[in-house]
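**Q** Sharing a structure here in structure tokens format.
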Amino acid sequence: MSPTNKKTDVLQGTLALMVLKTLDVLGPLHGYGLARRIEQISGDLLAVNQGTLYPVLLKLEQEGAIESEWGASDNNRRARFYSLTKTGRKALQSETQDWQQTAAIISRFFEIKSEDLP
Amino acid sequence: MSLARNIRRFFHRLFNSGSRTIDAHTDRESRLREEIADHVALQTADNIRAGLDPIEARRQAMLKFGGVESMKEDYRDERTFPWFEHLLHDIRFALRMLYKNPGFTVVAVVTLALGIGANAAIFSVVRGVLLRPLVNRDEARLLFVGQIAADSSDVTFSVPEIEDLSANLKTIQAIGTLSALDFTVTGLGEARTLTAGVVDGTYFDVIGLKPVLGRLIGPADDGPKAQGVAVLTYKFWTNTLHSDPSVIGKVIRLGSFEGARSATIIGVLQPSVPYPVETELIANIVTSPHHLSATMVTGRLHRMTDVFARLKPDSTLEAARAELTANYQAMRTAHPEDYKDSGLHFTVTRMHDQINSRANTVLWVLLAASGLLFLIACSNVANLFLARTVRREPELALRSALGATNAALRRSLLAEAIVLCGAGLLAGVVIAAPMVGVLSRYASRFSVRAADLTLDSSMLWIGVALAFIATIFLAFIPRLPNTDKSHAFAVSSSGTRVTLGSRRRLRIFAVTQIAACFLLLAGAGALLRTLFVLETAQPPYATARVLAINLPVMTDGRSPEQITTFYRDVRRRVASLPGVEKVSAAMIVPWRDSLALDLHMQFAIDGAPKEDGKEDPRARFRTISPDFFSTMGIPFLEGRDFNDNDRTGSERVVIISEALAKQLFPGQDPLNHKLHWTDPLLQFSHMSPEPRRIVGVVPEFDDTGLIPEPTMTIYQPSDQDGFSGRLFVRAQGDPYALMPVLTREIHNMSDNQPVERASTLDDVRAEVMAPDRLNAIVFGGFASLALLISIVGVAGVLAFSVSGRLHEFGIRLALGASPRNILSGVLSEGFVIALIGVTVGTAAGFALVRVIAKYTQELQIPGATPLVVSAAVILAAALIASAIPAIRAARVDAARALRSE
């Protein structure tokens with residue numbers, strides 16, 4: 001139970017970023033489509049708990065980073081399509097930068113060996 | 001249940017914004033449901049396409065999606081105010097729990113209501129009387145200038161003093177003066193006596209008040225040549241004249257002790273705090289002949305004027321005080337003979353503080369008392385609450401083991417506290433309203449501002465604040481069960497085990513209560529004792545059948561001889577009325593007038609050697625008509641009464657009191673000795689310093705103190721250098737039944753003569769004692785509330801302690817302990833709690849007295865009797881309170897108590 005918990009905890013933070021990036025790259029998508037894409041890109045990270053995606057979507061919409069409208073899916077089902085807003089794009093840019101910075105710092109830490117330090 | 005639903009609906013309505021959130025929330029909830037359905041449908045479709053059978057396809061889809069409900073929960077916790085929603089739920093639960101424990105609920109709510117109500121009421125009185133600003137313009141700049149005598153009574157100023165004081169002031173914009181006096185007013189309905197003041201032209205500007213009708217007195221109305229003008233105060237205008245606007249322009253006659261003058265009514269003053277006396281009419285100086293007389297203008301010791309000053313905008317109170325004090329000191333240096341042993345000291349205060357000066361101490365003490373009551377109430381409810389929580393420990397432990405967090409448990413306690421305090425608040429506000437009425441009546445003794453006290457929302461806010469404090473107190477005082485869940489399960493299976501910490505807390509609360517209660521009880525005891533002493537100290541003469549009537553001296557168009565003749569005729573004609581036994585006249589009504597007119601003057605016995613450096617003795621001065629003592633039912637000890645021949649022009653005679661005879665004529669016969677007045681005030685009166693022969697000695701007749709004390713008194717005939725103005729009638733039957741005939745008889749003689757305030761001496765005494773009675777009622781009421789609450793508290797603690805130890809009692813009984821042992825054990829537990837409480841209370845009381853004594857001298861420390869009596873009352877009450885749980889403990893069935901394990 002607990003390892004999964006940890007995994008989703010990390011995911012919660014990063015999932016929003018993944019949603020924004022996916023929408024940025026692929027354009028408007030419905031929820032299921034988004035889940036599939038993120039699953040594809042991130043490997044099996046989202047494999048177990050696809051449900052966690054939806055609270056994130058609602059929250060992002062609430063914040064104004066994405067918007068939604070009705071549209072038709074591939075097999076002509078009515079579905080809600082999410083797309084990135086201007087605010088979302090900006091948020092994505094700054095988030096990406098932050099993330100890269102953080103990632104760079106963290107990776108540098110992981111590379112450290114004791115003999116590297118004076 | 002429906003109550004709970006109603007409350008929830010109420011909350012929804014109350015938090016309008018909250019309800020909007022909840023609507024939006026349901027909207028999003030349905031969206032979420034939709035999305036989930038879509039997602040699962042799409043996934044299922046994909047799975048079918050991948051070759052799974054429909055049922056398995058859907059199962060896989062659901063698996064992949066993860067826990068729908070937990071996802072929703074997570075989402076909700078993030079999106080809404082879950083805490084608030086849970087609290088609503090908890091409150092519903094709390095209502096159910098409290099409904100199931102009506103005894104606890106009622107006691108807690110009533111206790112809180114008393115605590116909250118009393119405090120809210122006193123707070124609003126304190127706010128209304130002490131804190132509310134005056135209506136006067138720029139009230140912070142309005143100052144009161146005064147002198148205080150050695151006996152801390154206020155002393156007014158004389159005209160020469162005012163002139164000296166107001167010379168070359170740089171910090172003061174202007175000075176205004178008011179002399180209080182009574183006018184007999186004719187031309188305004190029935191002739192009547194009005195409490196009035198005469199003012200100079202700057203007075204209204206200095207005091208900063210506006211008219212509601214017409215104009216006020218200004219500089220043009222100053223001086224001896226001005227026309228007489230008068231302004232009515234708002235209360236008099238509305239209450240007595242029914243706000244009649246046509247009163248403006250009316251010409252009235254104002255009679256004072258040196259003749260009457262006409263005045264035109266020019267305006268009505270806005271509602272304001274009258275100070276120093278509750279004036280009904282304010283006139284310019286020309287309306288009082290006395291104010292233009294040489295005595296008034298040149299007599300440095302002839303003091304009858306109050307001084308008000310308005311600070312310049314850029315100066316401070318301290319600067320003004322320094323400047324005025326410098327003037328005052330210069331004046332004293334310039335006239336050393338007039339101030340040599342006066343013991344006066346000079347004060348400059350803000351008007352606001354001056355008006356509050358008497359109310360300050362009393363109201364803050366009252367506030368402290370109600371604070372104590374609140375403390376008692378809160379600790380009592382906390383006690384009950386704590387006891388309940390401890391008894392609920394298994395339940396709480398179980399909930400905690402099932403995954404409830406500490407916050408959730410705390411929240412459920414908070415919910416109960418909210419329900420209790422909310423109900424307490426409602427009940428408290430309901431009882432606070434009438435309490436404000438009683439208290440403002442009480443406070444009106446100290447401050448005129450209490451009279452126009454109104455209820456406002458501030459009281460509600462204070463109540464809310466107190467309820468809030470109480471809620472926090474209640475919700476956070478109880479300890480939560482141990483977080484070690486394995487231990488908690490053990491507890492839950494073995495019934496209540498009282499933790500040591502909780503029991504200690506309970507005891508501390510009980511001791512606090514008892515201590516606070518003891519303080520209140522001791523204070524109330526002291527007041528009750530004062531009242532008791534007053535009630536039992538009966539005057540040595542008959543007061544029930546003697547009627548006292550104000551018959552003010554009408555100087556208008558009458559010579560002094562005519563006035564004397566008038567009173568003589570009144571006495572004669574009233575004496576001939578049926579039902580009248582005796583009639584006499586005098587200058588004051590005992591107790592009622594004596595406080596304001598208690599003249600003590602210096603005198604000397606003729607032929608007695610004058611001791612160097614020793615002041616002449618002082619005696620109380622009274623003028624009376626013949627038959628005064630027989631009207632009062634007082635026998636003569638020696639000599640004779642005055643008679644109609646003792647009048648101006650004949651030999652001067654006096655009657656002295658027993659105290660004077662004993663003190664100045666020890667072992668001699670005082671009759672036919674002579675004495676004369678030597679007091680410096682004599683120069684302002686018509687009395688001559690000629691010797692007067694002692695013709696009679698009477699027993700002590702203290703008309704001032706409610707507890708009679710021997711006082712040297714000299715009585716003069718009212719027809720000889722004296723005056724009357726009060727009529728005393730001894731009736732055969734009901735004194736009040738005489739009034740219509742008597743009034744008609746007097747009006748037949750002079751229809752302008754006011755006949756006022758008829759009242760038997762018994763009633764006068766009761767009226768004068770009313771403040772003491774009210775004092776005792778207010779504080780006694782407080783103390784008995786406190787006692788009641790404390791008893792409930794002690795009983796609660798012991799009941800709780802007993803129920804926690806039933807098992808122990810069972811074992812002890814099984815091992816051969818007698819029920820009596822157990823009974824006395826519980827009783828002594830209660831007794832010890834009370835004893836510690838009383839000890840703590842005594843210590844706190846002495847500490848408090850020491851602190852308060854730093855700020856005020858007028859502190860009366862209750863004597864030993866009230867302390868001992870209150871201690872006894874508390875200890876007895878504690879024993880009674882312990883009796884019920886003790887009996888319960890002693891009746892424990894050993895077998896059952898053991899089996900319950």
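We label chains A, B, ... in the order they appear in the structure tokens, count residues from 1 in each chain, and number ligands from 1 in the order shown.
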With a distance threshold of 10 Å and counting only C-alpha atoms, extract the residues of chain A near chain B and express them as a ChimeraX atom specification.
**A** /A:30-33,35-36,46-59,62,73,75,77-80
**Q** In Å, how far is it from atom CA of B:Asp569 to atom CA of B:Pro699?
**A**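 Computing the Euclidean distance for atom CA of B:Asp569 and atom CA of B:Pro699 yields 28.5 Å.
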**Q** Give me the residues near stretch 776-779 of chain B as a compact mmCIF listing (two decimals) with N, CA, C and O atoms, in the first residue's frame, where near means some atom within 12 Å (using only C-alpha atoms) and where sequence neighbours in that chain fewer than 4 positions away do not count.
**A**
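And here's around-v2.txt as it stands now:
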# COMPACT_ATOMS: atom_id res chain seq x y z
N ALA B 118 -24.66 37.86 32.66
CA ALA B 118 -24.23 38.84 33.67
C ALA B 118 -23.11 39.70 33.12
O ALA B 118 -23.11 40.93 33.28
N ILE B 122 -23.19 43.76 32.42
CA ILE B 122 -22.31 44.71 33.10
C ILE B 122 -21.40 45.41 32.12
O ILE B 122 -21.16 46.62 32.24
N VAL B 362 -16.86 51.63 41.45
CA VAL B 362 -17.97 50.69 41.65
C VAL B 362 -18.16 49.80 40.44
O VAL B 362 -18.28 48.58 40.56
N LEU B 363 -18.17 50.43 39.26
CA LEU B 363 -18.46 49.64 38.08
C LEU B 363 -17.33 48.66 37.77
O LEU B 363 -17.57 47.54 37.35
N VAL B 365 -15.40 47.32 39.95
CA VAL B 365 -15.52 46.24 40.93
C VAL B 365 -16.60 45.26 40.50
O VAL B 365 -16.43 44.04 40.53
N LEU B 366 -17.70 45.84 40.02
CA LEU B 366 -18.81 45.01 39.56
C LEU B 366 -18.38 44.15 38.38
O LEU B 366 -18.72 42.97 38.28
N LEU B 367 -17.59 44.77 37.52
CA LEU B 367 -17.10 44.05 36.36
C LEU B 367 -16.18 42.91 36.79
O LEU B 367 -16.24 41.80 36.27
N ALA B 368 -15.36 43.21 37.79
CA ALA B 368 -14.48 42.17 38.31
C ALA B 368 -15.31 41.03 38.89
O ALA B 368 -15.02 39.86 38.67
N ALA B 369 -16.38 41.42 39.61
CA ALA B 369 -17.24 40.40 40.20
C ALA B 369 -17.86 39.53 39.10
O ALA B 369 -17.90 38.30 39.22
N SER B 370 -18.30 40.18 38.04
CA SER B 370 -18.94 39.39 37.00
C SER B 370 -17.90 38.58 36.25
O SER B 370 -18.18 37.50 35.75
N LEU B 373 -17.58 35.58 38.12
CA LEU B 373 -18.73 34.73 37.86
C LEU B 373 -18.54 33.97 36.55
O LEU B 373 -18.84 32.78 36.46
N MET B 435 -31.31 42.45 33.19
CA MET B 435 -30.22 42.75 34.12
C MET B 435 -29.68 44.16 33.88
O MET B 435 -29.30 44.86 34.83
N VAL B 436 -29.60 44.56 32.61
CA VAL B 436 -29.13 45.91 32.31
C VAL B 436 -30.03 46.93 32.99
O VAL B 436 -29.57 47.93 33.53
N GLY B 437 -31.35 46.63 33.00
CA GLY B 437 -32.28 47.53 33.67
C GLY B 437 -31.94 47.72 35.14
O GLY B 437 -31.79 48.84 35.61
N VAL B 438 -31.78 46.59 35.85
CA VAL B 438 -31.46 46.67 37.28
C VAL B 438 -30.13 47.39 37.49
O VAL B 438 -30.01 48.28 38.33
N LEU B 439 -29.16 47.02 36.68
CA LEU B 439 -27.82 47.58 36.86
C LEU B 439 -27.78 49.08 36.58
O LEU B 439 -27.09 49.83 37.26
N SER B 440 -28.54 49.52 35.57
CA SER B 440 -28.46 50.94 35.26
C SER B 440 -29.16 51.73 36.36
O SER B 440 -28.75 52.84 36.70
N ARG B 441 -30.20 51.12 36.96
CA ARG B 441 -30.83 51.78 38.10
C ARG B 441 -29.80 51.90 39.24
O ARG B 441 -29.69 52.91 39.91
N TYR B 442 -29.05 50.82 39.36
CA TYR B 442 -28.01 50.80 40.39
C TYR B 442 -26.94 51.85 40.10
O TYR B 442 -26.54 52.63 40.96
N ALA B 443 -26.50 51.88 38.84
CA ALA B 443 -25.40 52.77 38.48
C ALA B 443 -25.83 54.24 38.49
O ALA B 443 -25.00 55.13 38.60
N CYS B 517 -15.95 31.99 44.33
CA CYS B 517 -17.25 32.08 44.97
C CYS B 517 -17.11 32.65 46.37
O CYS B 517 -17.90 33.47 46.83
N LEU B 519 -14.84 34.69 47.47
CA LEU B 519 -14.59 36.14 47.37
C LEU B 519 -15.91 36.90 47.21
O LEU B 519 -16.17 37.88 47.91
N LEU B 520 -16.72 36.42 46.27
CA LEU B 520 -17.99 37.08 46.03
C LEU B 520 -18.88 37.04 47.26
O LEU B 520 -19.51 38.03 47.64
N LEU B 521 -18.91 35.88 47.88
CA LEU B 521 -19.78 35.70 49.03
C LEU B 521 -19.35 36.60 50.18
O LEU B 521 -20.18 37.21 50.86
N ALA B 522 -18.04 36.70 50.37
CA ALA B 522 -17.55 37.55 51.46
C ALA B 522 -17.91 39.00 51.19
O ALA B 522 -18.36 39.72 52.10
N GLY B 523 -17.75 39.41 49.93
CA GLY B 523 -18.09 40.80 49.59
C GLY B 523 -19.57 41.06 49.81
O GLY B 523 -19.96 42.05 50.43
N ALA B 524 -20.39 40.13 49.32
CA ALA B 524 -21.83 40.31 49.47
C ALA B 524 -22.21 40.26 50.94
O ALA B 524 -23.09 40.99 51.39
N GLY B 525 -21.53 39.41 51.70
CA GLY B 525 -21.80 39.31 53.13
C GLY B 525 -21.58 40.64 53.81
O GLY B 525 -22.38 41.08 54.64
N ALA B 526 -20.49 41.30 53.45
CA ALA B 526 -20.19 42.60 54.06
C ALA B 526 -21.30 43.59 53.75
O ALA B 526 -21.75 44.34 54.63
N LEU B 527 -21.78 43.57 52.50
CA LEU B 527 -22.84 44.51 52.11
C LEU B 527 -24.14 44.19 52.84
O LEU B 527 -24.84 45.08 53.30
N LEU B 528 -24.44 42.90 52.93
CA LEU B 528 -25.67 42.51 53.61
C LEU B 528 -25.61 42.91 55.08
O LEU B 528 -26.61 43.31 55.66
N ARG B 529 -24.42 42.83 55.64
CA ARG B 529 -24.28 43.17 57.04
C ARG B 529 -24.54 44.67 57.23
O ARG B 529 -25.25 45.09 58.14
N THR B 530 -23.98 45.48 56.30
CA THR B 530 -24.24 46.91 56.36
C THR B 530 -25.74 47.17 56.32
O THR B 530 -26.28 47.92 57.14
N LEU B 531 -26.40 46.50 55.37
CA LEU B 531 -27.83 46.69 55.23
C LEU B 531 -28.57 46.28 56.49
O LEU B 531 -29.46 46.97 56.98
N PHE B 532 -28.14 45.15 57.05
CA PHE B 532 -28.78 44.63 58.25
C PHE B 532 -28.65 45.64 59.39
O PHE B 532 -29.60 45.93 60.11
N LEU B 534 -28.23 48.81 59.13
CA LEU B 534 -29.09 49.96 58.85
C LEU B 534 -30.55 49.66 59.15
O LEU B 534 -31.26 50.46 59.74
N MET B 769 -32.33 54.68 52.08
CA MET B 769 -31.62 53.42 52.24
C MET B 769 -31.63 52.57 50.98
O MET B 769 -30.90 51.58 50.89
N ALA B 770 -32.45 52.95 50.01
CA ALA B 770 -32.60 52.14 48.80
C ALA B 770 -31.26 51.78 48.15
O ALA B 770 -31.06 50.64 47.74
N PRO B 771 -30.31 52.73 48.06
CA PRO B 771 -29.03 52.38 47.45
C PRO B 771 -28.33 51.23 48.16
O PRO B 771 -27.82 50.32 47.51
N ASP B 772 -28.36 51.27 49.50
CA ASP B 772 -27.71 50.19 50.24
C ASP B 772 -28.41 48.87 49.97
O ASP B 772 -27.78 47.82 49.85
N ALA B 783 -23.45 36.77 44.30
CA ALA B 783 -22.84 35.76 45.15
C ALA B 783 -23.69 34.50 45.19
O ALA B 783 -23.16 33.39 45.16
N SER B 784 -25.03 34.67 45.23
CA SER B 784 -25.81 33.44 45.32
C SER B 784 -25.77 32.67 44.01
O SER B 784 -25.76 31.43 44.02
N LEU B 785 -25.70 33.40 42.90
CA LEU B 785 -25.51 32.71 41.61
C LEU B 785 -24.22 31.90 41.66
O LEU B 785 -24.17 30.73 41.30
N ALA B 786 -23.17 32.58 42.13
CA ALA B 786 -21.87 31.93 42.17
C ALA B 786 -21.92 30.70 43.07
O ALA B 786 -21.39 29.65 42.72
**Q** Can you work out the spacing between atom CA of B:Thr171 and atom CA of B:Val307 in Å, to one decimal?
**A**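 Between these atoms lies a distance of 15.4 Å.
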**Q** List as a list of chain:residue names the protein and nucleic acid residues near A:Leu26, meaning an atom at most 10 Å away when only C-alpha atoms are counted, but skip any in the same chain fewer than 5 places from it.
**A**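 Selected residues are A:Lys21, A:Leu34, A:Arg37, A:Ser83.
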**Q** Residues of the last selection are to be written out with all heavy atoms, as a PDB file, in the first residue's frame.
**A**
ATOM      1  N   LYS A  21       1.764  19.986 -20.399  1.00  0.00           N
ATOM      2  CA  LYS A  21       2.727  19.735 -21.482  1.00  0.00           C
ATOM      3  C   LYS A  21       2.066  18.939 -22.613  1.00  0.00           C
ATOM      4  O   LYS A  21       2.220  19.258 -23.791  1.00  0.00           O
ATOM      5  CB  LYS A  21       3.938  18.975 -20.904  1.00  0.00           C
ATOM      6  CG  LYS A  21       5.067  18.762 -21.897  1.00  0.00           C
ATOM      7  CD  LYS A  21       5.687  20.087 -22.312  1.00  0.00           C
ATOM      8  CE  LYS A  21       6.636  19.903 -23.508  1.00  0.00           C
ATOM      9  NZ  LYS A  21       7.027  21.208 -24.063  1.00  0.00           N
ATOM     10  N   LEU A  34      -6.149  12.014 -22.784  1.00  0.00           N
ATOM     11  CA  LEU A  34      -5.040  12.523 -21.989  1.00  0.00           C
ATOM     12  C   LEU A  34      -4.419  11.413 -21.154  1.00  0.00           C
ATOM     13  O   LEU A  34      -3.187  11.253 -21.121  1.00  0.00           O
ATOM     14  CB  LEU A  34      -5.559  13.615 -21.041  1.00  0.00           C
ATOM     15  CG  LEU A  34      -5.257  15.069 -21.382  1.00  0.00           C
ATOM     16  CD1 LEU A  34      -5.992  15.971 -20.418  1.00  0.00           C
ATOM     17  CD2 LEU A  34      -3.761  15.326 -21.347  1.00  0.00           C
ATOM     18  N   ARG A  37      -2.373   9.172 -23.297  1.00  0.00           N
ATOM     19  CA  ARG A  37      -1.120   9.775 -23.741  1.00  0.00           C
ATOM     20  C   ARG A  37      -0.107   9.807 -22.612  1.00  0.00           C
ATOM     21  O   ARG A  37       1.054   9.449 -22.794  1.00  0.00           O
ATOM     22  CB  ARG A  37      -1.377  11.229 -24.214  1.00  0.00           C
ATOM     23  CG  ARG A  37      -2.089  11.311 -25.538  1.00  0.00           C
ATOM     24  CD  ARG A  37      -1.298  10.604 -26.607  1.00  0.00           C
ATOM     25  NE  ARG A  37      -1.973  10.764 -27.903  1.00  0.00           N
ATOM     26  CZ  ARG A  37      -1.579  10.135 -29.003  1.00  0.00           C
ATOM     27  NH1 ARG A  37      -0.538   9.332 -28.963  1.00  0.00           N
ATOM     28  NH2 ARG A  37      -2.224  10.325 -30.147  1.00  0.00           N
ATOM     29  N   SER A  83      -8.350  22.114 -23.443  1.00  0.00           N
ATOM     30  CA  SER A  83      -7.271  22.763 -24.201  1.00  0.00           C
ATOM     31  C   SER A  83      -6.576  23.792 -23.313  1.00  0.00           C
ATOM     32  O   SER A  83      -7.138  24.269 -22.313  1.00  0.00           O
ATOM     33  CB  SER A  83      -7.843  23.450 -25.447  1.00  0.00           C
ATOM     34  OG  SER A  83      -8.863  24.349 -25.049  1.00  0.00           O
TER      35      SER A  83
END
**Q** What's the 8 Å shell around stretch 817-825 of chain B, counting only C-alpha atoms, without same-chain residues fewer than 5 positions away, as a list in words?
**A** Phe809, Arg812, Ala886, Ile887, Ala889, Ala890 and Arg891 of chain B
**Q** Please produce an output containing N, CA and C atoms for each residue in the selection, written as a PDB file, in the first residue's frame.
**A**
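File written: result_22.pdb
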ATOM      1  N   PHE B 809     -14.596   0.910  45.241  1.00  0.00           N
ATOM      2  CA  PHE B 809     -15.485   0.829  46.396  1.00  0.00           C
ATOM      3  C   PHE B 809     -15.997  -0.596  46.570  1.00  0.00           C
ATOM      4  N   ARG B 812     -13.389  -2.602  48.199  1.00  0.00           N
ATOM      5  CA  ARG B 812     -13.221  -2.256  49.608  1.00  0.00           C
ATOM      6  C   ARG B 812     -14.372  -2.798  50.440  1.00  0.00           C
ATOM      7  N   ALA B 886     -21.775  10.708  47.734  1.00  0.00           N
ATOM      8  CA  ALA B 886     -21.249   9.887  48.824  1.00  0.00           C
ATOM      9  C   ALA B 886     -22.222   8.764  49.153  1.00  0.00           C
ATOM     10  N   ILE B 887     -23.501   9.134  49.204  1.00  0.00           N
ATOM     11  CA  ILE B 887     -24.494   8.102  49.507  1.00  0.00           C
ATOM     12  C   ILE B 887     -24.497   7.049  48.407  1.00  0.00           C
ATOM     13  N   ALA B 889     -21.984   6.185  46.637  1.00  0.00           N
ATOM     14  CA  ALA B 889     -20.793   5.372  46.790  1.00  0.00           C
ATOM     15  C   ALA B 889     -20.997   4.332  47.880  1.00  0.00           C
ATOM     16  N   ALA B 890     -21.646   4.756  48.969  1.00  0.00           N
ATOM     17  CA  ALA B 890     -21.813   3.848  50.097  1.00  0.00           C
ATOM     18  C   ALA B 890     -22.812   2.737  49.776  1.00  0.00           C
ATOM     19  N   ARG B 891     -23.668   2.963  48.788  1.00  0.00           N
ATOM     20  CA  ARG B 891     -24.692   1.970  48.480  1.00  0.00           C
ATOM     21  C   ARG B 891     -24.248   0.997  47.396  1.00  0.00           C
TER      22      ARG B 891
END
**Q** Need the shell around B:Glu651: protein/DNA/RNA residues with any atom at most 10 Å away, counting only C-alpha atoms. Skip same-chain ones fewer than 5 positions apart. Format as an mmCIF file with N, CA, C and O atoms, in the first residue's frame?
**A**
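What follows is the written file around_24.cif:
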data_model
loop_
_atom_site.group_PDB
_atom_site.id
_atom_site.type_symbol
_atom_site.label_atom_id
_atom_site.label_comp_id
_atom_site.auth_asym_id
_atom_site.auth_seq_id
_atom_site.Cartn_x
_atom_site.Cartn_y
_atom_site.Cartn_z
ATOM 1 N N ASN B 645 -43.437 83.359 71.283
ATOM 2 C CA ASN B 645 -42.802 84.622 71.673
ATOM 3 C C ASN B 645 -41.318 84.654 71.329
ATOM 4 O O ASN B 645 -40.694 85.706 71.394
ATOM 5 N N ASP B 646 -40.738 83.497 70.999
ATOM 6 C CA ASP B 646 -39.328 83.479 70.608
ATOM 7 C C ASP B 646 -39.248 83.885 69.153
ATOM 8 O O ASP B 646 -39.263 83.059 68.254
ATOM 9 N N PRO B 691 -24.990 86.818 71.873
ATOM 10 C CA PRO B 691 -25.151 85.621 72.708
ATOM 11 C C PRO B 691 -26.603 85.130 72.712
ATOM 12 O O PRO B 691 -27.531 85.927 72.557
ATOM 13 N N ARG B 692 -26.739 83.820 72.845
ATOM 14 C CA ARG B 692 -28.058 83.201 72.886
ATOM 15 C C ARG B 692 -28.147 82.333 74.139
ATOM 16 O O ARG B 692 -27.222 81.580 74.441
ATOM 17 N N ARG B 693 -29.277 82.425 74.821
ATOM 18 C CA ARG B 693 -29.427 81.712 76.091
ATOM 19 C C ARG B 693 -29.969 80.310 75.838
ATOM 20 O O ARG B 693 -30.863 80.105 75.016
ATOM 21 N N GLN B 720 -36.731 83.300 64.650
ATOM 22 C CA GLN B 720 -35.704 84.202 65.191
ATOM 23 C C GLN B 720 -34.431 83.983 64.395
ATOM 24 O O GLN B 720 -33.746 82.972 64.572
#
**Q** Any idea what the distance is between atom CA of B:Asp90 and atom CA of B:Phe385?
**A**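 Atom CA of B:Asp90 sits 16.3 Å away from atom CA of B:Phe385.
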**Q** From stretch 70-104 of chain A, collect each residue whose DSSP state is strand (DSSP E) and return the set as a PyMOL selection string.
**A** chain A and resi 70-72+78-84
**Q** Determine which residues of stretch 262-301 of chain B receive a DSSP assignment of helix (DSSP H, G or I), computed from the backbone, and state them as a ChimeraX atom specification.
**A** /B:285-287,289-292,294-298
**Q** Quick one: everything within 12 Å of A:Leu92, counting only C-alpha atoms, minus sequence neighbours fewer than 2 positions away in the same chain. Send it as a ChimeraX atom specification.
**A** /A:14,16-25,60,65-66,84-90,94-100
